[in-house]
>>> print(open('entry.cif').read())   # mmCIF, C-alpha atoms
data_coords
loop_
_atom_site.group_PDB
_atom_site.id
_atom_site.type_symbol
_atom_site.label_atom_id
_atom_site.label_comp_id
_atom_site.auth_asym_id
_atom_site.auth_seq_id
_atom_site.Cartn_x
_atom_site.Cartn_y
_atom_site.Cartn_z
ATOM 1 C CA MET X 1 36.051 24.962 33.171
ATOM 2 C CA SER X 2 34.128 28.198 32.753
ATOM 3 C CA TYR X 3 30.962 28.101 30.694
ATOM 4 C CA PRO X 4 29.336 30.814 28.569
ATOM 5 C CA GLN X 5 26.961 33.198 30.277
ATOM 6 C CA THR X 6 23.326 32.226 29.995
ATOM 7 C CA ARG X 7 19.899 33.487 30.944
ATOM 8 C CA GLY X 8 18.952 29.917 31.716
ATOM 9 C CA ARG X 9 20.143 27.700 34.550
ATOM 10 C CA LEU X 10 23.597 26.103 34.517
ATOM 11 C CA THR X 11 24.471 23.659 37.302
ATOM 12 C CA PRO X 12 27.981 22.149 37.418
ATOM 13 C CA ASP X 13 28.483 18.538 38.612
ATOM 14 C CA ARG X 14 24.773 17.809 38.564
ATOM 15 C CA PRO X 15 23.771 14.262 39.610
ATOM 16 C CA LEU X 16 21.490 12.764 36.978
ATOM 17 C CA SER X 17 19.908 9.865 38.854
ATOM 18 C CA GLU X 18 16.823 11.817 39.892
ATOM 19 C CA LEU X 19 16.292 12.945 36.290
ATOM 20 C CA THR X 20 16.012 9.437 34.825
ATOM 21 C CA TRP X 21 13.073 7.068 35.148
ATOM 22 C CA LEU X 22 15.383 4.270 36.321
ATOM 23 C CA ARG X 23 16.783 6.548 39.056
ATOM 24 C CA VAL X 24 20.437 5.718 38.443
ATOM 25 C CA GLY X 25 23.458 7.629 37.201
ATOM 26 C CA GLY X 26 26.403 9.726 38.282
ATOM 27 C CA PRO X 27 26.884 13.461 37.698
ATOM 28 C CA ALA X 28 27.169 15.341 34.429
ATOM 29 C CA ASP X 29 29.940 17.895 34.085
ATOM 30 C CA ALA X 30 27.093 20.408 33.945
ATOM 31 C CA LEU X 31 23.345 20.531 33.415
ATOM 32 C CA TYR X 32 22.101 23.382 31.234
ATOM 33 C CA GLN X 33 18.427 24.363 31.110
ATOM 34 C CA PRO X 34 18.001 27.109 28.499
ATOM 35 C CA ALA X 35 15.585 29.978 29.076
ATOM 36 C CA ASP X 36 14.391 29.990 25.468
ATOM 37 C CA LEU X 37 15.485 29.284 21.907
ATOM 38 C CA ALA X 38 17.725 32.343 21.610
ATOM 39 C CA ASP X 39 19.454 31.457 24.876
ATOM 40 C CA LEU X 40 20.075 27.911 23.636
ATOM 41 C CA GLN X 41 21.523 29.142 20.336
ATOM 42 C CA ALA X 42 23.815 31.668 22.008
ATOM 43 C CA PHE X 43 25.051 29.137 24.566
ATOM 44 C CA LEU X 44 25.927 26.501 21.976
ATOM 45 C CA ALA X 45 27.584 29.048 19.696
ATOM 46 C CA ALA X 46 29.812 30.224 22.555
ATOM 47 C CA LEU X 47 30.555 26.790 24.062
ATOM 48 C CA PRO X 48 34.025 25.574 22.992
ATOM 49 C CA ALA X 49 33.773 23.039 20.184
ATOM 50 C CA GLN X 50 35.663 20.362 22.132
ATOM 51 C CA VAL X 51 33.048 20.312 24.907
ATOM 52 C CA LYS X 52 30.581 17.511 24.308
ATOM 53 C CA VAL X 53 26.875 18.124 24.756
ATOM 54 C CA PHE X 54 24.163 15.567 25.394
ATOM 55 C CA PRO X 55 20.510 16.513 24.848
ATOM 56 C CA MET X 56 18.321 14.808 27.426
ATOM 57 C CA GLY X 57 14.544 14.621 27.573
ATOM 58 C CA VAL X 58 12.707 13.345 30.623
ATOM 59 C CA GLY X 59 15.078 10.385 30.977
ATOM 60 C CA SER X 60 12.446 7.787 30.136
ATOM 61 C CA ASN X 61 14.671 5.710 27.845
ATOM 62 C CA LEU X 62 18.058 6.160 29.440
ATOM 63 C CA ILE X 63 20.668 4.541 31.664
ATOM 64 C CA VAL X 64 23.346 6.967 32.842
ATOM 65 C CA ARG X 65 26.274 4.940 34.123
ATOM 66 C CA ASP X 66 27.406 5.306 37.730
ATOM 67 C CA GLY X 67 30.548 7.303 36.887
ATOM 68 C CA GLY X 68 28.493 10.036 35.274
ATOM 69 C CA LEU X 69 28.662 11.836 31.958
ATOM 70 C CA ARG X 70 31.563 13.932 30.714
ATOM 71 C CA ALA X 71 29.429 16.410 28.853
ATOM 72 C CA VAL X 72 27.093 19.342 29.252
ATOM 73 C CA VAL X 73 23.630 17.822 29.479
ATOM 74 C CA ILE X 74 20.993 20.025 27.843
ATOM 75 C CA ARG X 75 17.489 19.598 29.197
ATOM 76 C CA LEU X 76 14.690 21.627 27.660
ATOM 77 C CA GLY X 77 11.881 22.791 29.910
ATOM 78 C CA ARG X 78 8.975 25.198 30.079
ATOM 79 C CA GLY X 79 10.031 27.343 27.128
ATOM 80 C CA PHE X 80 9.949 24.323 24.820
ATOM 81 C CA ASN X 81 6.754 22.446 25.718
ATOM 82 C CA ALA X 82 4.023 24.409 23.903
ATOM 83 C CA ILE X 83 1.474 22.533 21.767
ATOM 84 C CA HIS X 84 -0.427 24.339 18.992
ATOM 85 C CA VAL X 85 -3.104 22.963 16.657
ATOM 86 C CA GLU X 86 -3.888 24.429 13.247
ATOM 87 C CA GLY X 87 -6.027 22.535 10.776
ATOM 88 C CA SER X 88 -4.798 18.945 10.617
ATOM 89 C CA ARG X 89 -1.351 19.848 11.946
ATOM 90 C CA VAL X 90 0.008 19.855 15.473
ATOM 91 C CA THR X 91 3.173 21.772 16.383
ATOM 92 C CA ALA X 92 4.786 20.554 19.588
ATOM 93 C CA GLY X 93 7.856 21.679 21.469
ATOM 94 C CA ALA X 94 10.494 19.028 22.029
ATOM 95 C CA ALA X 95 9.862 19.085 25.788
ATOM 96 C CA ALA X 96 6.137 18.412 25.395
ATOM 97 C CA LEU X 97 5.166 14.985 26.694
ATOM 98 C CA ASP X 98 4.064 12.500 24.038
ATOM 99 C CA ALA X 99 0.885 11.751 25.991
ATOM 100 C CA HIS X 100 -0.040 15.447 26.195
ATOM 101 C CA VAL X 101 0.407 15.875 22.448
ATOM 102 C CA ALA X 102 -1.812 12.863 21.748
ATOM 103 C CA ARG X 103 -4.542 14.155 24.047
ATOM 104 C CA LYS X 104 -4.516 17.729 22.730
ATOM 105 C CA ALA X 105 -4.530 16.473 19.152
ATOM 106 C CA GLY X 106 -7.388 14.092 19.924
ATOM 107 C CA ALA X 107 -9.448 16.847 21.507
ATOM 108 C CA ALA X 108 -9.040 18.788 18.254
ATOM 109 C CA GLY X 109 -10.110 15.793 16.164
ATOM 110 C CA ILE X 110 -6.608 14.832 14.963
ATOM 111 C CA ASP X 111 -5.466 11.227 15.234
ATOM 112 C CA LEU X 112 -2.042 11.045 16.873
ATOM 113 C CA THR X 113 -3.295 8.413 19.308
ATOM 114 C CA PHE X 114 -0.199 6.243 18.863
ATOM 115 C CA LEU X 115 1.716 8.742 21.010
ATOM 116 C CA ARG X 116 -0.580 8.292 24.023
ATOM 117 C CA THR X 117 1.185 5.319 25.590
ATOM 118 C CA ILE X 118 4.747 6.180 24.553
ATOM 119 C CA PRO X 119 6.753 7.314 27.592
ATOM 120 C CA GLY X 120 8.793 10.465 27.301
ATOM 121 C CA SER X 121 8.830 13.700 25.361
ATOM 122 C CA ILE X 122 8.611 14.667 21.701
ATOM 123 C CA GLY X 123 12.357 15.231 21.302
ATOM 124 C CA GLY X 124 13.108 11.669 22.340
ATOM 125 C CA ALA X 125 10.258 10.322 20.217
ATOM 126 C CA LEU X 126 11.763 12.030 17.184
ATOM 127 C CA ARG X 127 15.275 10.853 17.951
ATOM 128 C CA MET X 128 14.149 7.221 18.250
ATOM 129 C CA ASN X 129 11.303 7.243 15.696
ATOM 130 C CA ALA X 130 9.014 6.082 18.491
ATOM 131 C CA GLY X 131 5.944 4.102 17.587
ATOM 132 C CA CYS X 132 3.359 1.534 18.577
ATOM 133 C CA TYR X 133 0.165 -0.016 17.225
ATOM 134 C CA GLY X 134 1.675 0.058 13.736
ATOM 135 C CA SER X 135 2.255 3.845 13.652
ATOM 136 C CA TYR X 136 5.545 5.704 13.978
ATOM 137 C CA VAL X 137 6.746 9.290 14.232
ATOM 138 C CA ALA X 138 8.026 8.922 10.651
ATOM 139 C CA ASP X 139 4.454 8.340 9.449
ATOM 140 C CA HIS X 140 3.202 11.674 10.785
ATOM 141 C CA LEU X 141 6.156 14.082 10.870
ATOM 142 C CA VAL X 142 5.979 17.052 8.511
ATOM 143 C CA GLU X 143 9.172 18.745 9.681
ATOM 144 C CA ALA X 144 11.324 19.251 12.745
ATOM 145 C CA ARG X 145 13.501 22.073 13.976
ATOM 146 C CA ALA X 146 16.827 21.705 15.736
ATOM 147 C CA VAL X 147 19.766 23.760 16.906
ATOM 148 C CA THR X 148 23.130 22.525 15.651
ATOM 149 C CA ARG X 149 26.186 22.191 17.881
ATOM 150 C CA GLU X 150 27.309 25.549 16.454
ATOM 151 C CA GLY X 151 24.067 27.277 17.472
ATOM 152 C CA GLU X 152 22.380 27.460 14.066
ATOM 153 C CA LEU X 153 18.617 26.866 13.834
ATOM 154 C CA VAL X 154 17.771 24.399 11.052
ATOM 155 C CA THR X 155 14.602 22.796 9.694
ATOM 156 C CA LEU X 156 14.729 19.062 8.954
ATOM 157 C CA THR X 157 12.507 16.957 6.727
ATOM 158 C CA PRO X 158 11.668 13.314 7.450
ATOM 159 C CA ALA X 159 13.943 12.341 4.562
ATOM 160 C CA GLU X 160 16.863 14.210 6.125
ATOM 161 C CA LEU X 161 16.298 12.377 9.418
ATOM 162 C CA ALA X 162 16.389 9.037 7.529
ATOM 163 C CA PHE X 163 14.096 7.258 9.964
ATOM 164 C CA GLY X 164 14.358 3.538 10.585
ATOM 165 C CA TYR X 165 13.078 1.220 13.292
ATOM 166 C CA ARG X 166 13.921 2.983 16.573
ATOM 167 C CA HIS X 167 16.435 5.132 14.698
ATOM 168 C CA SER X 168 17.133 8.489 13.073
ATOM 169 C CA THR X 169 20.307 10.110 11.773
ATOM 170 C CA LEU X 170 20.228 13.279 13.873
ATOM 171 C CA PRO X 171 23.873 14.395 14.242
ATOM 172 C CA ASP X 172 25.467 14.168 17.690
ATOM 173 C CA GLY X 173 25.119 17.350 19.689
ATOM 174 C CA TRP X 174 22.136 18.720 17.773
ATOM 175 C CA VAL X 175 19.215 19.681 19.985
ATOM 176 C CA LEU X 176 15.699 19.086 18.675
ATOM 177 C CA THR X 177 13.424 21.974 19.641
ATOM 178 C CA GLU X 178 10.100 21.511 17.823
ATOM 179 C CA ALA X 179 8.170 19.176 15.545
ATOM 180 C CA VAL X 180 5.175 19.518 13.238
ATOM 181 C CA PHE X 181 2.901 16.477 12.869
ATOM 182 C CA GLU X 182 -0.062 15.758 10.653
ATOM 183 C CA GLY X 183 -2.789 13.298 11.560
ATOM 184 C CA ALA X 184 -5.939 11.937 10.027
ATOM 185 C CA PRO X 185 -9.249 13.493 11.102
ATOM 186 C CA GLY X 186 -11.274 11.693 13.742
ATOM 187 C CA ASP X 187 -14.141 12.156 16.139
ATOM 188 C CA PRO X 188 -12.712 13.500 19.424
ATOM 189 C CA ALA X 189 -14.847 11.187 21.555
ATOM 190 C CA ALA X 190 -13.799 8.147 19.509
ATOM 191 C CA LEU X 191 -10.137 9.130 19.699
ATOM 192 C CA GLU X 192 -10.384 9.592 23.464
ATOM 193 C CA ALA X 193 -12.034 6.170 23.793
ATOM 194 C CA ARG X 194 -9.284 4.561 21.717
ATOM 195 C CA MET X 195 -6.596 6.104 23.923
ATOM 196 C CA ALA X 196 -8.397 4.938 27.061
ATOM 197 C CA ASP X 197 -8.470 1.418 25.646
ATOM 198 C CA GLN X 198 -4.764 1.587 24.808
ATOM 199 C CA LEU X 199 -3.966 2.699 28.355
ATOM 200 C CA ALA X 200 -6.019 -0.115 29.833
ATOM 201 C CA LYS X 201 -4.217 -2.688 27.692
ATOM 202 C CA ARG X 202 -0.839 -1.226 28.609
ATOM 203 C CA ASP X 203 -1.574 -1.244 32.330
ATOM 204 C CA ALA X 204 -2.792 -4.840 32.126
ATOM 205 C CA THR X 205 0.353 -6.124 30.413
ATOM 206 C CA GLN X 206 3.199 -3.831 31.482
ATOM 207 C CA PRO X 207 4.711 -2.960 34.902
ATOM 208 C CA THR X 208 3.588 0.667 34.739
ATOM 209 C CA LYS X 209 3.751 1.090 38.519
ATOM 210 C CA ASP X 210 7.382 -0.046 38.719
ATOM 211 C CA CYS X 211 10.596 1.916 38.163
ATOM 212 C CA THR X 212 11.366 1.115 34.515
ATOM 213 C CA ALA X 213 12.466 2.790 31.291
ATOM 214 C CA GLY X 214 9.956 1.221 28.936
ATOM 215 C CA SER X 215 11.001 -1.553 26.562
ATOM 216 C CA THR X 216 14.584 -2.644 27.163
ATOM 217 C CA PHE X 217 15.384 -4.276 23.815
ATOM 218 C CA ARG X 218 14.191 -3.727 20.270
ATOM 219 C CA ASN X 219 11.946 -6.363 18.772
ATOM 220 C CA PRO X 220 14.054 -8.713 16.618
ATOM 221 C CA ALA X 221 11.203 -8.664 14.087
ATOM 222 C CA GLY X 222 12.157 -5.047 13.316
ATOM 223 C CA PHE X 223 8.810 -3.438 14.095
ATOM 224 C CA SER X 224 6.611 -2.530 17.036
ATOM 225 C CA SER X 225 3.564 -4.409 18.236
ATOM 226 C CA THR X 226 0.565 -3.641 16.055
ATOM 227 C CA GLY X 227 -2.104 -4.357 18.658
ATOM 228 C CA ARG X 228 -4.058 -6.408 16.138
ATOM 229 C CA ALA X 229 -5.508 -9.807 16.951
ATOM 230 C CA ASP X 230 -3.300 -11.455 14.307
ATOM 231 C CA ASP X 231 -0.091 -9.929 15.687
ATOM 232 C CA SER X 232 2.630 -12.612 15.868
ATOM 233 C CA HIS X 233 4.798 -12.780 18.989
ATOM 234 C CA GLU X 234 7.506 -15.199 17.839
ATOM 235 C CA LEU X 235 10.077 -12.481 17.198
ATOM 236 C CA LYS X 236 9.035 -10.103 19.957
ATOM 237 C CA ALA X 237 11.757 -9.270 22.471
ATOM 238 C CA TRP X 238 9.632 -10.355 25.444
ATOM 239 C CA LYS X 239 8.985 -13.748 23.837
ATOM 240 C CA VAL X 240 12.612 -14.625 23.106
ATOM 241 C CA ILE X 241 13.599 -13.431 26.597
ATOM 242 C CA GLU X 242 10.913 -15.593 28.158
ATOM 243 C CA ASP X 243 11.885 -18.573 25.994
ATOM 244 C CA ALA X 244 15.466 -18.199 27.252
ATOM 245 C CA GLY X 245 14.232 -18.452 30.843
ATOM 246 C CA MET X 246 15.042 -14.870 31.775
ATOM 247 C CA ARG X 247 11.623 -13.552 32.810
ATOM 248 C CA GLY X 248 12.059 -12.426 36.426
ATOM 249 C CA ALA X 249 15.861 -12.815 36.350
ATOM 250 C CA ALA X 250 17.633 -10.550 38.843
ATOM 251 C CA GLN X 251 21.042 -9.076 39.603
ATOM 252 C CA GLY X 252 21.587 -6.816 42.578
ATOM 253 C CA GLY X 253 18.654 -4.421 42.614
ATOM 254 C CA ALA X 254 17.826 -5.024 38.948
ATOM 255 C CA GLN X 255 15.189 -7.415 37.630
ATOM 256 C CA MET X 256 13.546 -8.362 34.347
ATOM 257 C CA SER X 257 9.920 -7.799 35.199
ATOM 258 C CA PRO X 258 7.861 -10.919 35.979
ATOM 259 C CA LYS X 259 4.903 -9.103 34.386
ATOM 260 C CA HIS X 260 6.604 -8.286 31.070
ATOM 261 C CA ALA X 261 9.955 -9.899 30.315
ATOM 262 C CA ASN X 262 11.233 -6.973 28.190
ATOM 263 C CA PHE X 263 11.020 -4.446 31.032
ATOM 264 C CA LEU X 264 14.120 -3.851 33.133
ATOM 265 C CA VAL X 265 13.136 -2.799 36.653
ATOM 266 C CA ASN X 266 14.970 -1.000 39.430
ATOM 267 C CA THR X 267 13.472 -2.764 42.442
ATOM 268 C CA GLY X 268 14.759 -0.058 44.767
ATOM 269 C CA GLU X 269 18.521 -0.173 45.208
ATOM 270 C CA ALA X 270 19.854 -0.931 41.713
ATOM 271 C CA THR X 271 22.936 0.743 40.318
ATOM 272 C CA ALA X 272 23.405 1.451 36.637
ATOM 273 C CA TYR X 273 25.945 -1.385 36.699
ATOM 274 C CA ASP X 274 23.301 -3.805 38.007
ATOM 275 C CA LEU X 275 20.854 -2.809 35.296
ATOM 276 C CA GLU X 276 23.275 -2.877 32.393
ATOM 277 C CA SER X 277 24.930 -6.109 33.551
ATOM 278 C CA LEU X 278 21.573 -7.869 33.830
ATOM 279 C CA GLY X 279 20.650 -6.609 30.379
ATOM 280 C CA GLU X 280 23.890 -7.976 28.948
ATOM 281 C CA GLU X 281 23.279 -11.333 30.642
ATOM 282 C CA VAL X 282 19.830 -11.431 29.030
ATOM 283 C CA ARG X 283 21.375 -10.747 25.635
ATOM 284 C CA LYS X 284 23.893 -13.556 26.203
ATOM 285 C CA ARG X 285 21.257 -16.082 27.271
ATOM 286 C CA VAL X 286 18.934 -15.225 24.401
ATOM 287 C CA PHE X 287 21.750 -15.652 21.898
ATOM 288 C CA GLN X 288 22.728 -18.990 23.421
ATOM 289 C CA HIS X 289 19.123 -20.178 23.312
ATOM 290 C CA SER X 290 17.952 -18.934 19.919
ATOM 291 C CA GLY X 291 20.888 -17.370 18.071
ATOM 292 C CA ILE X 292 19.079 -14.007 18.170
ATOM 293 C CA GLN X 293 21.221 -10.978 18.998
ATOM 294 C CA LEU X 294 19.031 -8.559 20.940
ATOM 295 C CA GLU X 295 19.755 -4.860 20.486
ATOM 296 C CA TRP X 296 19.305 -2.365 23.300
ATOM 297 C CA GLU X 297 16.421 0.050 22.939
ATOM 298 C CA ILE X 298 17.373 1.879 26.142
ATOM 299 C CA MET X 299 20.198 4.344 25.507
ATOM 300 C CA ARG X 300 23.221 3.823 27.767
ATOM 301 C CA VAL X 301 25.666 6.706 28.222
ATOM 302 C CA GLY X 302 28.490 7.841 30.460
ATOM 303 C CA GLU X 303 31.320 6.159 32.301
ATOM 304 C CA PRO X 304 31.316 3.272 34.772
ATOM 305 C CA ALA X 305 32.129 3.924 38.396
ATOM 306 C CA LEU X 306 35.769 3.540 39.394
ATOM 307 C CA GLY X 307 36.662 -0.124 39.649
ATOM 308 C CA ARG X 308 33.888 -1.177 37.242
ATOM 309 C CA SER X 309 34.159 -1.942 33.565
#
>>> encode(input="entry.cif", output="structure tokens")
Amino acid sequence: MSYPQTRGRLTPDRPLSELTWLRVGGPADALYQPADLADLQAFLAALPAQVKVFPMGVGSNLIVRDGGLRAVVIRLGRGFNAIHVEGSRVTAGAAALDAHVARKAGAAGIDLTFLRTIPGSIGGALRMNAGCYGSYVADHLVEARAVTREGELVTLTPAELAFGYRHSTLPDGWVLTEAVFEGAPGDPAALEARMADQLAKRDATQPTKDCTAGSTFRNPAGFSSTGRADDSHELKAWKVIEDAGMRGAAQGGAQMSPKHANFLVNTGEATAYDLESLGEEVRKRVFQHSGIQLEWEIMRVGEPALGRS
């Protein structure tokens, strides 16, 4: 089909594997990288309503299936990654990396340290109500801005996003563009030290050098790890996976990490089918062992390759 004119970059039949952290996935019908907010609004307003769009961040929490994605993938870039600090508030573009927002806030004496170890960008963090160490996006968000599928710019409150554990109610096809956060005051040096400690703990317990997409399944307990000494692990995803004997389990080029059982790893030659199939086998084994139905935290989109189901 023909697409609306744009000042940004539009690439038909764009393979997505190199844009996801797991390095798998077939092509999108098109990849659109808007030049700026006005370009994004005009493009969406002119794009026929029947054409599906899929906003994509840095691909840190995503499996694109091997047959690709029948949609226009919208990926925000340089025009959407600014970070501004004013008083106790931090305004961040949706393409800004979570870690960069945490560091810039910390340097200004604002505590958004929970974002430091969360992989990905602010748009994805909003969409999934990302959180760790007992803090979530919902706890700090003042407001967010998004462009609707029709090209209208809207401002959303936390109540309108109806946050839950790893969940928000952002309508399909809406593109988050910016968020305003508020954090408690803190000493910049102390905040930097806390983030360094968080990174050290993460690197000691998670396969940060491997090709992963972060946590694979949501914690059955319904909340993130708190990082406290009294944190219980009985209903953590990694614990029920380990108890079911699936730590280190492999299929094709996919493996559940021996270092952290809730991390799905592409060991080098995995397909999306390998990764998703292994994940489904883990869910089956956990249910057989404990009666717990694990829910995917990684988003899976697109179509299987021909001959797969």
>>> residues_around(input="entry.cif", residues="Ala95 in chain X", least_positions_apart="5", cutoff="12 Å", atoms="only C-alpha atoms", output="ChimeraX atom specification")
/X:33-34,36,55-59,74-83,100-101,120-126,175-179
>>> residues_around(input="entry.cif", residues="Phe114 in chain X", least_positions_apart="3", cutoff="10 Å", atoms="only C-alpha atoms", output="PyMOL selection string")
chain X and resi 98-99+102+111+117-118+130-137+194-195+198
>>> closest_residue(input="entry.cif", among="X:Asp197, X:Glu160, X:Glu303, X:Asp172", to="Arg145 in chain X", atoms="all atoms listed in the file")
X:Glu160
>>> residues_around(input="entry.cif", residues="Phe163 in chain X", least_positions_apart="3", cutoff="9 Å", atoms="only C-alpha atoms", output="list in words")
Leu126, Arg127, Met128, Asn129, Val137, Ala138, Pro158, Ala159, Glu160, Arg166, His167, Ser168 and Thr169 of chain X
>>> atom_distance(input="entry.cif", atom1="CA of Asp187 in chain X", atom2="CA of Gly87 in chain X")
14.2 Å
>>> closest_residue(input="entry.cif", among="X:Ala146, X:Ala28, X:Leu44, X:Val180", to="Ala92 in chain X", atoms="only C-alpha atoms")
X:Val180
>>> resolve_selection(input="entry.cif", expression="the PyMOL selection byres ((chain X and resi 272) around 8)", output="PyMOL selection string")
chain X and resi 24-25+63-66+270-271+273-276
>>> residues_around(input="entry.cif", residues="range 30-32 of chain X", least_positions_apart="5", cutoff="12 Å", atoms="only C-alpha atoms", output="PyMOL selection string")
chain X and resi 1-16+19+39-40+43-44+47+51-56+68-77
>>> write_last_selection(input="entry.cif", atoms="C-alpha atoms", output="mmCIF file, in the frame of the given file")
data_model
loop_
_atom_site.group_PDB
_atom_site.id
_atom_site.type_symbol
_atom_site.label_atom_id
_atom_site.label_comp_id
_atom_site.auth_asym_id
_atom_site.auth_seq_id
_atom_site.Cartn_x
_atom_site.Cartn_y
_atom_site.Cartn_z
ATOM 1 C CA MET X 1 36.051 24.962 33.171
ATOM 2 C CA SER X 2 34.128 28.198 32.753
ATOM 3 C CA TYR X 3 30.962 28.101 30.694
ATOM 4 C CA PRO X 4 29.336 30.814 28.569
ATOM 5 C CA GLN X 5 26.961 33.198 30.277
ATOM 6 C CA THR X 6 23.326 32.226 29.995
ATOM 7 C CA ARG X 7 19.899 33.487 30.944
ATOM 8 C CA GLY X 8 18.952 29.917 31.716
ATOM 9 C CA ARG X 9 20.143 27.700 34.550
ATOM 10 C CA LEU X 10 23.597 26.103 34.517
ATOM 11 C CA THR X 11 24.471 23.659 37.302
ATOM 12 C CA PRO X 12 27.981 22.149 37.418
ATOM 13 C CA ASP X 13 28.483 18.538 38.612
ATOM 14 C CA ARG X 14 24.773 17.809 38.564
ATOM 15 C CA PRO X 15 23.771 14.262 39.610
ATOM 16 C CA LEU X 16 21.490 12.764 36.978
ATOM 17 C CA LEU X 19 16.292 12.945 36.290
ATOM 18 C CA ASP X 39 19.454 31.457 24.876
ATOM 19 C CA LEU X 40 20.075 27.911 23.636
ATOM 20 C CA PHE X 43 25.051 29.137 24.566
ATOM 21 C CA LEU X 44 25.927 26.501 21.976
ATOM 22 C CA LEU X 47 30.555 26.790 24.062
ATOM 23 C CA VAL X 51 33.048 20.312 24.907
ATOM 24 C CA LYS X 52 30.581 17.511 24.308
ATOM 25 C CA VAL X 53 26.875 18.124 24.756
ATOM 26 C CA PHE X 54 24.163 15.567 25.394
ATOM 27 C CA PRO X 55 20.510 16.513 24.848
ATOM 28 C CA MET X 56 18.321 14.808 27.426
ATOM 29 C CA GLY X 68 28.493 10.036 35.274
ATOM 30 C CA LEU X 69 28.662 11.836 31.958
ATOM 31 C CA ARG X 70 31.563 13.932 30.714
ATOM 32 C CA ALA X 71 29.429 16.410 28.853
ATOM 33 C CA VAL X 72 27.093 19.342 29.252
ATOM 34 C CA VAL X 73 23.630 17.822 29.479
ATOM 35 C CA ILE X 74 20.993 20.025 27.843
ATOM 36 C CA ARG X 75 17.489 19.598 29.197
ATOM 37 C CA LEU X 76 14.690 21.627 27.660
ATOM 38 C CA GLY X 77 11.881 22.791 29.910
#
>>> closest_residue(input="entry.cif", among="X:Ala261, X:Asp210, X:Ala244, X:Ala144", to="Gly93 in chain X", atoms="all atoms listed in the file")
X:Ala144
>>> closest_residue(input="entry.cif", among="X:Ala305, X:Ala196, X:Ala45, X:Ile241", to="Glu280 in chain X", atoms="all atoms listed in the file")
X:Ile241
>>> resolve_selection(input="entry.cif", expression="the PyMOL selection byres ((chain X and resi 151) around 9)", output="list in words")
Leu40, Gln41, Ala42, Phe43, Leu44, Ala45, Ala46, Val147, Thr148, Arg149, Glu150, Glu152, Leu153 and Trp174 of chain X
>>> build_atoms(input="entry.cif", residues="range 151-161 of chain X", atoms="N, CA, C and O atoms", output="PDB file, in the frame of the given file")
ATOM      1  N   GLY X 151      25.063  26.288  17.102  1.00  0.00           N
ATOM      2  CA  GLY X 151      24.067  27.277  17.472  1.00  0.00           C
ATOM      3  C   GLY X 151      23.158  27.731  16.342  1.00  0.00           C
ATOM      4  O   GLY X 151      22.372  28.663  16.517  1.00  0.00           O
ATOM      5  N   GLU X 152      23.218  27.072  15.204  1.00  0.00           N
ATOM      6  CA  GLU X 152      22.380  27.460  14.066  1.00  0.00           C
ATOM      7  C   GLU X 152      21.036  26.741  14.133  1.00  0.00           C
ATOM      8  O   GLU X 152      20.979  25.536  14.396  1.00  0.00           O
ATOM      9  N   LEU X 153      19.946  27.460  13.876  1.00  0.00           N
ATOM     10  CA  LEU X 153      18.617  26.866  13.834  1.00  0.00           C
ATOM     11  C   LEU X 153      18.357  26.319  12.438  1.00  0.00           C
ATOM     12  O   LEU X 153      18.493  27.043  11.444  1.00  0.00           O
ATOM     13  N   VAL X 154      18.007  25.033  12.352  1.00  0.00           N
ATOM     14  CA  VAL X 154      17.771  24.399  11.052  1.00  0.00           C
ATOM     15  C   VAL X 154      16.407  23.708  11.066  1.00  0.00           C
ATOM     16  O   VAL X 154      15.894  23.326  12.121  1.00  0.00           O
ATOM     17  N   THR X 155      15.838  23.553   9.873  1.00  0.00           N
ATOM     18  CA  THR X 155      14.602  22.796   9.694  1.00  0.00           C
ATOM     19  C   THR X 155      14.938  21.503   8.970  1.00  0.00           C
ATOM     20  O   THR X 155      15.657  21.510   7.961  1.00  0.00           O
ATOM     21  N   LEU X 156      14.411  20.387   9.477  1.00  0.00           N
ATOM     22  CA  LEU X 156      14.729  19.062   8.954  1.00  0.00           C
ATOM     23  C   LEU X 156      13.480  18.386   8.426  1.00  0.00           C
ATOM     24  O   LEU X 156      12.421  18.434   9.054  1.00  0.00           O
ATOM     25  N   THR X 157      13.602  17.742   7.278  1.00  0.00           N
ATOM     26  CA  THR X 157      12.507  16.957   6.727  1.00  0.00           C
ATOM     27  C   THR X 157      12.634  15.510   7.209  1.00  0.00           C
ATOM     28  O   THR X 157      13.703  15.084   7.650  1.00  0.00           O
ATOM     29  N   PRO X 158      11.556  14.733   7.112  1.00  0.00           N
ATOM     30  CA  PRO X 158      11.668  13.314   7.450  1.00  0.00           C
ATOM     31  C   PRO X 158      12.753  12.607   6.644  1.00  0.00           C
ATOM     32  O   PRO X 158      13.465  11.746   7.173  1.00  0.00           O
ATOM     33  N   ALA X 159      12.909  12.968   5.383  1.00  0.00           N
ATOM     34  CA  ALA X 159      13.943  12.341   4.562  1.00  0.00           C
ATOM     35  C   ALA X 159      15.335  12.628   5.105  1.00  0.00           C
ATOM     36  O   ALA X 159      16.213  11.754   5.107  1.00  0.00           O
ATOM     37  N   GLU X 160      15.546  13.849   5.581  1.00  0.00           N
ATOM     38  CA  GLU X 160      16.863  14.210   6.125  1.00  0.00           C
ATOM     39  C   GLU X 160      17.145  13.477   7.430  1.00  0.00           C
ATOM     40  O   GLU X 160      18.311  13.202   7.755  1.00  0.00           O
ATOM     41  N   LEU X 161      16.109  13.127   8.181  1.00  0.00           N
ATOM     42  CA  LEU X 161      16.298  12.377   9.418  1.00  0.00           C
ATOM     43  C   LEU X 161      16.473  10.882   9.158  1.00  0.00           C
ATOM     44  O   LEU X 161      16.890  10.147  10.058  1.00  0.00           O
TER      45      LEU X 161
END
